[in-house]
Amino acid sequence: MVLQATWFFIWGLLWALFFMTDGFDFGVGTLYPFLGKSDEDKRKMINSLGPLWDGNEVWLITAGGVTFAAFPLVYAVMFSSLYTALMLILFALILRGVSFEFRGKVDHPLWRKVWDTCIFIGSFVPALLFGVAFGNIFQGVPINQEGIFQGNLFTLLNPYGILGGLLFVALFLVHGALWIAIKTDGDLHDRAAATANRLWPVLLGIIVVFLIATAVFTPLYANYLAYPVLFLVPLVAVAALLGVKYFLTKKAYFKAWFASAATIVFCTFFGVVGLFPNLFPSSIDPAYSLTAFNASSSPLTLRIMLIVVILFIPIVLVYQVWAYVMFSKKLTEEDLSLEEAY
Amino acid sequence: MDVVLLSRLQFAAATMFHFLFVPLTLGLSVIIAVMETRYVQTGDETYLRMTKFWGKLFLINFALGVVTGITLEFQFGTNWSRYSAYVGDIFGSLLAIEATVAFFLESTFIGIWIFGWKKLSKKTHAAVMWVVALAGNLSAMWILTANGWMQHPVGYVIRNGRAELSDFGAVITNKFALLELAHMIPAALLLGAFFVMGISAYHLLKKQHVDVSTRSFNMALVFGLVASLAVAATGDMHGVHVAEVQPAKLAAMEAHWETQTQAPIVLFAIPDEENERNLIEIGKIPYILSFLGYHDINAEVKGLRDFPKDERPPVLITLFSFRTMVALGTLFPLLTIIGLVLRKRLMENPWYLWIMVFAIPLPYVAIEMGWVLAEVGRQPWIVYGLLKTADAASPVASSQVLTSLIGFILVYGLLGMVGFYLMFKNAVKGPEPADA
């Protein structure tokens with residue numbers, strides 16, 4: 001029991017870390033056509049992600065891999081149920097990844113336009129669809145006794161699912177705008193900071209609506225009412241969001257970015273805590289839901305994987321922090337003139 | 001068309017496309033790490049230009065390898081959910097370990113390598129490339145451990161209606177996986193070496209970038225020679241093990257119908273699977289199959305007729321892919337040995353340089369054929385002897401899979417064209433000239 005519960009929270013943590021890290025990549029990519037007025041602006045924006053996005057994306061691979069390893073039945077049912085949505089996400093991620101690498105390789109306006117469009121699609125679509133997917137998971141998905149999905153892509157596009165999508169997009173836009181403000185100076189920096197300021201009340205509004213809608217559409221608050229101390233999780237999320245505004249006003253963009261990261265992590269955990277022990281709840285009958293207890297791997301596998309995660313995730317964090325520190329300074333002319341730069 | 005067939009086509013398309021990029025990533029990363037190390041040791045700018053030139057081609061290839069890899073991990077869930085639920089306890093953990101232990105390292109450090117030229121000392125920068133190279137190969141080790149388990153499952157018990165882990169040590173020391181690794185790593189190095197030699201040969205033929213090209217060619221030649229011999233040796237060991245644990249694959253590889261001792265091989269055959277015989281057999285050599293499979297000319301080799309019809313792999317594809325792989329595998333050491341003889345007079349032997357230019361695709365073909373042999377030869381099993389492919393697919397609508405399959409073909413087709421165009425363009429352009 002304890003082992004399975006532990007894995008449930010590691011599962012939530014890995015998804016939260018993915019949204020926190022790749023989230024600003026998605027945000028920057030979505031803002032890209034709007035903030036990138038010149039080719040130089042655009043190059044600054046993608047080079048601000050250059051050294052980091054690939055490592056960030058591995059959190060997705062790890063979150064997916066850990067779902068497979070710790071909860072194989074969830075992995076099987078969730079990913080086959082969300083078939084079309086997941087395929088769209090994967091194709092979008094493919095486009096994003098190659099666009100960064102390809103865009104600068106040919107000096108022709110049409111060529112760049114194609115990859116610019118791909119960068120936008122490849123960032124916006126995953127942001128939206130991950131939100132839609134998680135909204136649906138929070139609310140429950142029509143799976144029957146055999147774990148077979150009784151619906152299609154449009155089943156997922158219900159009001160609460162779409163609200164989840166908007167929430168993720170808004171979270172990542174603020175996160176991304178702050179990152180551009182950190183990494184650039186001059187006009188682009190000013191526009192990014194102004195964008196973060198303008199988006200902040202929108203995000204606040206969506207979060208408030210989301211917290212209310214969650215009470216209407218989902219059973220997530222049951223855990224909170226049973227253990228009111230858990231309300232600390234959404235409270236910290238809201239406090240972190242207020243922190244974003246506070247640091248924005250003080251023009252302390254790094255601190256604002258950290259506050260935004262905390263907002264994303266605690267928003268994710270708001271859902272994860274409410275879900276427990278469900279990983280993939282059925283909206284047809286709660287008895288069909290896949291939980292940490294009825295869908296997990298064997299105790300031996302869970303123990304071995306726990307050792308792997310406890311040993312290696314801290315190591316990953318150490319070298320990723322090293323990379324972040326190395327590449328957190330504002331982009332310089334020298335950075336952009338590098339032969340390998342995007 | 002049914003879901004199983006469509007899902008198989010999709011997985012085959014996605015893996016084979018992914019594997020156009022993986023071996024070059026594995027092999028070339030090591031070669032580039034050596035080049036950069038030589039630069040740090042000698043301070044010779046030519047080594048730096050080599051590192052930068054091959055690095056540029058490496059990165060285009062790397063991007064395609066990374067993005068096409070992600071879809072594979074998720075396809076086990078989207079398209080093979082019954083398989084995933086059945087073997088996730090073991091197979092899933094191997095994929096998760098791969099991501100945590102190896103792929104994180106590779107992906108984070110490649111970013112540092114690309115953008116860290118001015119931020120790191122020369123030594124640290126070269127060390128970062130070594131981390132990339134080692135992490136990539138470590139990644140391959142875990143993936144092959146996972147594949148090796150599908151080929152020859154070990155360390156499990158059937159419990160709760162699925163395969164559960166019983167002995168982790170047995171899984172990670174699975175002989176099948178270790179042999180795959182011992183065969184695949186040198187094969188990747190061989191491909192990297194032929195890539196470098198082929199493009200260098202082109203520039204030598206054009207009498208341009210002679211310094212970088214000569215030195216690159218000679219460095220790659222050493223890797224190519226050692227790797228081509230290692231590939232042949234480990235391939236032989238692998239064959240013996242296949243004979244032991246996957247006898248149906250061995251029989252299909254050779255279109256060997258009749259159980260017999262002193263079994264012959266045929267150089268080429270066209271099988272008639274319906275009537276359990278070969279329509280045409282060319283070049284029958286006695287004893288050889290017994291020898292290849294068991295290192296004993298008198299050994300008995302079980303024929304396809306003695307396997308139930310529904311446990312036989314498709315014979316023609318298995319046979320053809322094996323022959324292509326072996327023929328090419330024999331050619332590679334010959335080409336590198338000729339290179340060794342001519343290495344001081346490359347420019348005076350344009351015929352050899354032309355051969356090497358046109359040899360660039362050959363290791364790709366050989367490696368793809370090797371995987372076709374491994375995977376098609378395993379059929380009808382998805383996990384050998386344990387779970388059939390027909391019972392492994394997701395309960396999704398075939399229209400969904402057809403749509404995504406078309407999506408894969410379109411997106412990958414386009415990406416492939418763009419990617420190879422960019423690699424071709426940059427390869428032909430050659431390294432940046434030395435600063436005057």
# chains A, B, ... in the order shown; residues from 1 in each chain; ligands from 1

call {"tool": "interface_residues", "arguments": {"of": "chain B", "to": "chain A", "cutoff": "6 Å", "atoms": "only C-alpha atoms", "output": "ChimeraX atom specification"}}
result
/B:63,67,77-78,81,84-85,88-89,92-93,95-96,99,104,107-108,111-112,115

call {"tool": "write_last_selection", "arguments": {"atoms": "N, CA, C and O atoms", "output": "compact mmCIF listing (two decimals), in the first residue's frame"}}
result
# COMPACT_ATOMS: atom_id res chain seq x y z
N ALA B 63 18.76 15.50 -34.05
CA ALA B 63 17.42 16.06 -33.87
C ALA B 63 16.36 15.09 -34.39
O ALA B 63 15.35 14.84 -33.73
N VAL B 67 13.41 13.20 -31.98
CA VAL B 67 11.97 13.41 -32.12
C VAL B 67 11.24 12.14 -32.57
O VAL B 67 10.09 11.92 -32.20
N GLY B 77 1.85 2.11 -25.60
CA GLY B 77 0.59 2.37 -24.91
C GLY B 77 -0.57 2.57 -25.87
O GLY B 77 -1.64 1.99 -25.71
N THR B 78 -0.35 3.40 -26.91
CA THR B 78 -1.45 3.71 -27.80
C THR B 78 -1.87 2.50 -28.62
O THR B 78 -3.06 2.22 -28.75
N SER B 81 -1.63 -1.89 -26.23
CA SER B 81 -1.98 -1.79 -24.82
C SER B 81 -2.09 -3.17 -24.16
O SER B 81 -1.74 -3.32 -22.99
N SER B 84 1.35 -4.06 -23.38
CA SER B 84 1.86 -3.22 -22.28
C SER B 84 1.35 -3.69 -20.93
O SER B 84 2.09 -3.74 -19.96
N ALA B 85 0.06 -4.00 -20.89
CA ALA B 85 -0.50 -4.45 -19.62
C ALA B 85 0.11 -5.79 -19.21
O ALA B 85 0.34 -6.06 -18.04
N GLY B 88 4.33 -4.93 -18.85
CA GLY B 88 4.80 -3.64 -18.33
C GLY B 88 5.66 -3.78 -17.08
O GLY B 88 6.60 -3.01 -16.88
N ASP B 89 5.33 -4.76 -16.26
CA ASP B 89 6.07 -4.96 -15.01
C ASP B 89 7.57 -5.07 -15.28
O ASP B 89 8.39 -4.60 -14.49
N GLY B 92 8.29 -2.26 -19.14
CA GLY B 92 8.09 -0.84 -18.82
C GLY B 92 9.20 -0.30 -17.94
O GLY B 92 9.69 0.82 -18.15
N SER B 93 9.64 -1.12 -16.98
CA SER B 93 10.68 -0.60 -16.08
C SER B 93 11.99 -0.40 -16.84
O SER B 93 12.74 0.53 -16.55
N LEU B 95 12.31 0.56 -19.95
CA LEU B 95 12.21 1.84 -20.67
C LEU B 95 12.34 3.02 -19.71
O LEU B 95 12.97 4.03 -20.02
N ALA B 96 11.72 2.89 -18.53
CA ALA B 96 11.79 3.99 -17.56
C ALA B 96 13.24 4.19 -17.09
O ALA B 96 13.70 5.32 -16.92
N ALA B 99 15.23 6.09 -19.70
CA ALA B 99 15.02 7.54 -19.69
C ALA B 99 15.73 8.19 -18.52
O ALA B 99 16.42 9.21 -18.68
N PHE B 104 18.19 11.23 -20.20
CA PHE B 104 18.32 12.54 -19.57
C PHE B 104 19.73 13.09 -19.75
O PHE B 104 19.94 14.26 -20.09
N SER B 107 20.45 14.03 -23.47
CA SER B 107 19.73 15.20 -23.96
C SER B 107 20.18 16.49 -23.29
O SER B 107 20.24 17.54 -23.94
N THR B 108 20.47 16.40 -22.00
CA THR B 108 20.91 17.61 -21.32
C THR B 108 22.31 18.00 -21.78
O THR B 108 22.60 19.17 -22.04
N GLY B 111 22.72 19.64 -25.29
CA GLY B 111 22.43 21.08 -25.24
C GLY B 111 23.63 21.86 -24.75
O GLY B 111 23.98 22.92 -25.28
N ILE B 112 24.27 21.33 -23.72
CA ILE B 112 25.46 21.99 -23.17
C ILE B 112 26.57 22.00 -24.22
O ILE B 112 27.27 23.00 -24.40
N PHE B 115 25.74 24.62 -27.14
CA PHE B 115 25.74 26.04 -26.80
C PHE B 115 26.87 26.42 -25.83
O PHE B 115 26.94 27.56 -25.41

call {"tool": "residues_around", "arguments": {"residues": "segment 140-146 of chain B", "least_positions_apart": "3", "cutoff": "6 Å", "atoms": "only C-alpha atoms", "output": "ChimeraX atom specification"}}
result
/B:91,94,98,137,149,177

call {"tool": "write_last_selection", "arguments": {"atoms": "N, CA, C and O atoms", "output": "CSV table (one decimal), in the first residue's frame"}}
result
chain,number,residue,atom,x,y,z
B,91,PHE,N,9.1,-4.9,-18.9
B,91,PHE,CA,9.5,-4.1,-20.1
B,91,PHE,C,9.4,-2.6,-19.8
B,91,PHE,O,10.3,-1.9,-20.2
B,94,LEU,N,12.3,-1.3,-17.8
B,94,LEU,CA,13.5,-1.1,-18.6
B,94,LEU,C,13.5,0.2,-19.4
B,94,LEU,O,14.5,1.0,-19.4
B,98,GLU,N,15.9,3.5,-18.8
B,98,GLU,CA,16.6,4.1,-19.9
B,98,GLU,C,16.5,5.6,-19.9
B,98,GLU,O,17.5,6.3,-20.0
B,137,ASN,N,25.1,5.4,-25.9
B,137,ASN,CA,25.4,4.0,-26.0
B,137,ASN,C,24.8,3.2,-24.8
B,137,ASN,O,24.3,2.1,-24.9
B,149,TRP,N,14.6,-9.0,-24.0
B,149,TRP,CA,13.6,-9.7,-23.2
B,149,TRP,C,12.4,-10.2,-24.1
B,149,TRP,O,11.9,-11.2,-23.8
B,177,ALA,N,20.2,-10.3,-25.0
B,177,ALA,CA,20.4,-8.8,-25.0
B,177,ALA,C,21.8,-8.4,-25.1
B,177,ALA,O,22.2,-7.5,-25.8

call {"tool": "closest_residue", "arguments": {"among": "A:Asp187, A:Asp22, A:Glu333, A:Asp116", "to": "Ala261 of chain A", "atoms": "only C-alpha atoms"}}
result
A:Asp22

call {"tool": "residues_around", "arguments": {"residues": "Thr261 of chain B", "least_positions_apart": "5", "cutoff": "6 Å", "atoms": "only C-alpha atoms", "output": "list of chain:residue names"}}
result
B:Asn298, B:Ala299, B:Glu300

call {"tool": "write_last_selection", "arguments": {"atoms": "N, CA and C atoms", "output": "mmCIF file, in the first residue's frame"}}
result
data_model
loop_
_atom_site.group_PDB
_atom_site.id
_atom_site.type_symbol
_atom_site.label_atom_id
_atom_site.label_comp_id
_atom_site.auth_asym_id
_atom_site.auth_seq_id
_atom_site.Cartn_x
_atom_site.Cartn_y
_atom_site.Cartn_z
ATOM 1 N N ASN B 298 27.948 -32.011 -37.571
ATOM 2 C CA ASN B 298 27.026 -33.134 -37.484
ATOM 3 C C ASN B 298 25.767 -32.822 -36.697
ATOM 4 N N ALA B 299 25.645 -31.581 -36.242
ATOM 5 C CA ALA B 299 24.510 -31.246 -35.384
ATOM 6 C C ALA B 299 23.195 -31.364 -36.144
ATOM 7 N N GLU B 300 22.142 -31.696 -35.383
ATOM 8 C CA GLU B 300 20.815 -31.771 -36.000
ATOM 9 C C GLU B 300 20.169 -30.391 -35.958
#

call {"tool": "residues_around", "arguments": {"residues": "segment 48-58 of chain B", "least_positions_apart": "4", "cutoff": "8 Å", "atoms": "only C-alpha atoms", "output": "PyMOL selection string"}}
result
(chain A and resi 340) or (chain B and resi 24-25+28-29+32-33+35-36+39+44+62+196+212+216+423+426-427+430-432+434)

call {"tool": "atom_distance", "arguments": {"atom1": "atom CA of His241 of chain B", "atom2": "atom CA of Val226 of chain B"}}
result
22.7 Å

call {"tool": "residues_around", "arguments": {"residues": "Ala251 of chain B", "least_positions_apart": "2", "cutoff": "8 Å", "atoms": "only C-alpha atoms", "output": "list in words"}}
result
Pro247, Ala248, Lys249, Met253, Glu254, Ala255, His256, Trp257, Val301, Lys302, Gly303 and Leu304 of chain B

call {"tool": "select_by_dssp", "arguments": {"residues": "segment 203-406 of chain B", "states": "alpha helix (DSSP H)", "output": "number ranges by chain"}}
result
B: 203-205, 210-245, 247-253, 288-294, 315-342, 350-358, 361-376, 398-406

call {"tool": "select_by_dssp", "arguments": {"residues": "segment 80-266 of chain B", "states": "strand (DSSP E)", "output": "list in words"}}
result
Tyr156, Val157, Ile158, Arg159, Arg162, Ala163, Glu164, Leu165, Gln260, Thr261, Ile265 and Val266 of chain B

call {"tool": "write_last_selection", "arguments": {"atoms": "N, CA, C and O atoms", "output": "tab-separated table (two decimals), in the first residue's frame"}}
result
chain	number	residue	atom	x	y	z
B	156	TYR	N	11.19	-14.00	-15.11
B	156	TYR	CA	9.79	-13.62	-14.88
B	156	TYR	C	9.00	-14.79	-14.35
B	156	TYR	O	9.43	-15.95	-14.46
B	157	VAL	N	7.85	-14.51	-13.78
B	157	VAL	CA	6.86	-15.55	-13.49
B	157	VAL	C	5.53	-15.05	-14.05
B	157	VAL	O	5.31	-13.85	-14.16
B	158	ILE	N	4.65	-15.98	-14.40
B	158	ILE	CA	3.30	-15.60	-14.81
B	158	ILE	C	2.44	-15.58	-13.55
B	158	ILE	O	2.26	-16.62	-12.89
B	159	ARG	N	1.98	-14.40	-13.21
B	159	ARG	CA	1.20	-14.25	-11.98
B	159	ARG	C	0.19	-13.12	-12.23
B	159	ARG	O	0.51	-12.18	-12.96
B	162	ARG	N	-0.35	-11.95	-15.85
B	162	ARG	CA	0.64	-11.19	-16.61
B	162	ARG	C	2.04	-11.69	-16.25
B	162	ARG	O	2.20	-12.49	-15.32
B	163	ALA	N	3.03	-11.20	-17.00
B	163	ALA	CA	4.41	-11.55	-16.69
B	163	ALA	C	4.92	-10.59	-15.62
B	163	ALA	O	4.91	-9.37	-15.82
B	164	GLU	N	5.35	-11.13	-14.50
B	164	GLU	CA	5.88	-10.28	-13.43
B	164	GLU	C	7.35	-10.59	-13.22
B	164	GLU	O	7.80	-11.72	-13.37
B	165	LEU	N	8.07	-9.57	-12.82
B	165	LEU	CA	9.50	-9.71	-12.59
B	165	LEU	C	9.76	-10.65	-11.42
B	165	LEU	O	9.12	-10.53	-10.37
B	260	GLN	N	17.26	-32.28	-40.01
B	260	GLN	CA	18.31	-33.20	-40.42
B	260	GLN	C	19.64	-32.85	-39.77
B	260	GLN	O	19.87	-31.73	-39.31
B	261	THR	N	20.52	-33.87	-39.74
B	261	THR	CA	21.88	-33.62	-39.29
B	261	THR	C	22.70	-33.22	-40.51
B	261	THR	O	22.26	-33.38	-41.64
B	265	ILE	N	23.36	-25.20	-46.04
B	265	ILE	CA	22.71	-23.93	-46.31
B	265	ILE	C	22.55	-23.80	-47.81
B	265	ILE	O	23.24	-24.46	-48.59
B	266	VAL	N	21.62	-22.94	-48.20
B	266	VAL	CA	21.52	-22.59	-49.61
B	266	VAL	C	21.89	-21.13	-49.71
B	266	VAL	O	21.57	-20.34	-48.82

call {"tool": "atom_distance", "arguments": {"atom1": "atom CA of Pro277 of chain A", "atom2": "atom CA of Gln4 of chain A"}}
result
9.2 Å

call {"tool": "atom_distance", "arguments": {"atom1": "atom CA of Met197 of chain B", "atom2": "atom CA of Ile31 of chain B"}}
result
11.6 Å

call {"tool": "residues_around", "arguments": {"residues": "Leu189 of chain B", "least_positions_apart": "5", "cutoff": "7 Å", "atoms": "only C-alpha atoms", "output": "list in words"}}
result
Leu26, Gly27, Leu28, Phe223 and Ala227 of chain B

call {"tool": "write_last_selection", "arguments": {"atoms": "N, CA and C atoms", "output": "PDB file, in the first residue's frame"}}
result
ATOM      1  N   LEU B  26      24.930   7.023 -32.385  1.00  0.00           N
ATOM      2  CA  LEU B  26      25.778   6.210 -31.509  1.00  0.00           C
ATOM      3  C   LEU B  26      27.220   6.189 -31.994  1.00  0.00           C
ATOM      4  N   GLY B  27      27.404   5.926 -33.267  1.00  0.00           N
ATOM      5  CA  GLY B  27      28.754   5.744 -33.789  1.00  0.00           C
ATOM      6  C   GLY B  27      29.505   7.064 -33.944  1.00  0.00           C
ATOM      7  N   LEU B  28      28.846   8.039 -34.580  1.00  0.00           N
ATOM      8  CA  LEU B  28      29.542   9.292 -34.864  1.00  0.00           C
ATOM      9  C   LEU B  28      29.866  10.068 -33.586  1.00  0.00           C
ATOM     10  N   PHE B 223      38.352   2.900 -36.954  1.00  0.00           N
ATOM     11  CA  PHE B 223      37.086   2.472 -36.349  1.00  0.00           C
ATOM     12  C   PHE B 223      36.363   1.470 -37.251  1.00  0.00           C
ATOM     13  N   ALA B 227      35.508  -2.235 -36.155  1.00  0.00           N
ATOM     14  CA  ALA B 227      34.070  -2.481 -35.997  1.00  0.00           C
ATOM     15  C   ALA B 227      33.578  -3.549 -36.963  1.00  0.00           C
TER      16      ALA B 227
END

call {"tool": "residues_around", "arguments": {"residues": "Leu5 of chain B", "least_positions_apart": "4", "cutoff": "10 Å", "atoms": "only C-alpha atoms", "output": "list of chain:residue names"}}
result
B:Met1, B:Leu9, B:Gln10, B:Phe11, B:Thr389, B:Ala390, B:Ala393, B:Ser398, B:Val401

call {"tool": "write_last_selection", "arguments": {"atoms": "N, CA, C and O atoms", "output": "PDB file, in the first residue's frame"}}
result
ATOM      1  N   MET B   1      -8.721  -3.034 -43.192  1.00  0.00           N
ATOM      2  CA  MET B   1      -7.583  -3.756 -42.602  1.00  0.00           C
ATOM      3  C   MET B   1      -7.743  -3.820 -41.091  1.00  0.00           C
ATOM      4  O   MET B   1      -8.358  -2.949 -40.495  1.00  0.00           O
ATOM      5  N   LEU B   9       2.250  -2.249 -39.132  1.00  0.00           N
ATOM      6  CA  LEU B   9       2.819  -1.399 -40.183  1.00  0.00           C
ATOM      7  C   LEU B   9       3.305  -0.080 -39.597  1.00  0.00           C
ATOM      8  O   LEU B   9       4.392   0.406 -39.905  1.00  0.00           O
ATOM      9  N   GLN B  10       2.485   0.481 -38.713  1.00  0.00           N
ATOM     10  CA  GLN B  10       2.853   1.764 -38.122  1.00  0.00           C
ATOM     11  C   GLN B  10       4.113   1.631 -37.276  1.00  0.00           C
ATOM     12  O   GLN B  10       5.018   2.459 -37.355  1.00  0.00           O
ATOM     13  N   PHE B  11       4.171   0.578 -36.464  1.00  0.00           N
ATOM     14  CA  PHE B  11       5.355   0.425 -35.617  1.00  0.00           C
ATOM     15  C   PHE B  11       6.586   0.153 -36.476  1.00  0.00           C
ATOM     16  O   PHE B  11       7.675   0.682 -36.216  1.00  0.00           O
ATOM     17  N   THR B 389       1.748 -11.713 -31.207  1.00  0.00           N
ATOM     18  CA  THR B 389       1.506 -10.360 -31.695  1.00  0.00           C
ATOM     19  C   THR B 389       0.013 -10.123 -31.916  1.00  0.00           C
ATOM     20  O   THR B 389      -0.501  -9.040 -31.632  1.00  0.00           O
ATOM     21  N   ALA B 390      -0.675 -11.164 -32.401  1.00  0.00           N
ATOM     22  CA  ALA B 390      -2.097 -11.019 -32.707  1.00  0.00           C
ATOM     23  C   ALA B 390      -2.920 -10.704 -31.461  1.00  0.00           C
ATOM     24  O   ALA B 390      -4.016 -10.149 -31.562  1.00  0.00           O
ATOM     25  N   ALA B 393      -2.494  -6.123 -29.487  1.00  0.00           N
ATOM     26  CA  ALA B 393      -2.836  -4.759 -29.905  1.00  0.00           C
ATOM     27  C   ALA B 393      -3.893  -4.125 -29.004  1.00  0.00           C
ATOM     28  O   ALA B 393      -4.554  -4.797 -28.223  1.00  0.00           O
ATOM     29  N   SER B 398      -9.913   0.761 -36.003  1.00  0.00           N
ATOM     30  CA  SER B 398      -8.895   0.689 -37.044  1.00  0.00           C
ATOM     31  C   SER B 398      -8.810   1.999 -37.811  1.00  0.00           C
ATOM     32  O   SER B 398      -7.747   2.358 -38.327  1.00  0.00           O
ATOM     33  N   VAL B 401      -6.168   4.084 -36.213  1.00  0.00           N
ATOM     34  CA  VAL B 401      -4.799   3.660 -36.514  1.00  0.00           C
ATOM     35  C   VAL B 401      -4.453   3.987 -37.965  1.00  0.00           C
ATOM     36  O   VAL B 401      -3.335   4.425 -38.264  1.00  0.00           O
TER      37      VAL B 401
END

call {"tool": "decode", "arguments": {"residues": "segment 171-186 of chain A", "atoms": "N, CA and C atoms", "output": "mmCIF file, in the first residue's frame"}}
result
data_model
loop_
_atom_site.group_PDB
_atom_site.id
_atom_site.type_symbol
_atom_site.label_atom_id
_atom_site.label_comp_id
_atom_site.auth_asym_id
_atom_site.auth_seq_id
_atom_site.Cartn_x
_atom_site.Cartn_y
_atom_site.Cartn_z
ATOM 1 N N LEU A 171 -0.996 29.192 -18.085
ATOM 2 C CA LEU A 171 0.146 28.977 -17.179
ATOM 3 C C LEU A 171 1.466 29.048 -17.952
ATOM 4 N N PHE A 172 1.483 28.364 -19.109
ATOM 5 C CA PHE A 172 2.736 28.276 -19.860
ATOM 6 C C PHE A 172 3.070 29.600 -20.542
ATOM 7 N N LEU A 173 2.041 30.351 -20.941
ATOM 8 C CA LEU A 173 2.309 31.648 -21.579
ATOM 9 C C LEU A 173 3.011 32.588 -20.599
ATOM 10 N N VAL A 174 2.491 32.643 -19.371
ATOM 11 C CA VAL A 174 3.126 33.510 -18.373
ATOM 12 C C VAL A 174 4.548 33.021 -18.102
ATOM 13 N N HIS A 175 4.668 31.698 -17.945
ATOM 14 C CA HIS A 175 5.969 31.088 -17.662
ATOM 15 C C HIS A 175 6.962 31.416 -18.787
ATOM 16 N N GLY A 176 6.504 31.304 -20.011
ATOM 17 C CA GLY A 176 7.362 31.570 -21.165
ATOM 18 C C GLY A 176 7.713 33.046 -21.302
ATOM 19 N N ALA A 177 6.724 33.917 -21.086
ATOM 20 C CA ALA A 177 6.993 35.353 -21.196
ATOM 21 C C ALA A 177 8.056 35.765 -20.178
ATOM 22 N N LEU A 178 7.979 35.202 -18.978
ATOM 23 C CA LEU A 178 8.971 35.522 -17.952
ATOM 24 C C LEU A 178 10.356 35.042 -18.374
ATOM 25 N N TRP A 179 10.413 33.882 -19.006
ATOM 26 C CA TRP A 179 11.712 33.364 -19.442
ATOM 27 C C TRP A 179 12.335 34.280 -20.501
ATOM 28 N N ILE A 180 11.508 34.763 -21.436
ATOM 29 C CA ILE A 180 12.043 35.691 -22.447
ATOM 30 C C ILE A 180 12.536 36.964 -21.760
ATOM 31 N N ALA A 181 11.774 37.431 -20.762
ATOM 32 C CA ALA A 181 12.206 38.637 -20.042
ATOM 33 C C ALA A 181 13.550 38.412 -19.359
ATOM 34 N N ILE A 182 13.753 37.199 -18.858
ATOM 35 C CA ILE A 182 15.028 36.884 -18.196
ATOM 36 C C ILE A 182 16.173 36.866 -19.201
ATOM 37 N N LYS A 183 15.912 36.266 -20.362
ATOM 38 C CA LYS A 183 17.000 35.949 -21.284
ATOM 39 C C LYS A 183 17.341 37.071 -22.269
ATOM 40 N N THR A 184 16.497 38.096 -22.369
ATOM 41 C CA THR A 184 16.770 39.115 -23.383
ATOM 42 C C THR A 184 16.793 40.502 -22.757
ATOM 43 N N ASP A 185 17.271 41.473 -23.522
ATOM 44 C CA ASP A 185 17.130 42.858 -23.062
ATOM 45 C C ASP A 185 16.598 43.705 -24.216
ATOM 46 N N GLY A 186 16.447 44.967 -23.961
ATOM 47 C CA GLY A 186 15.962 45.861 -25.010
ATOM 48 C C GLY A 186 14.465 45.705 -25.240
#
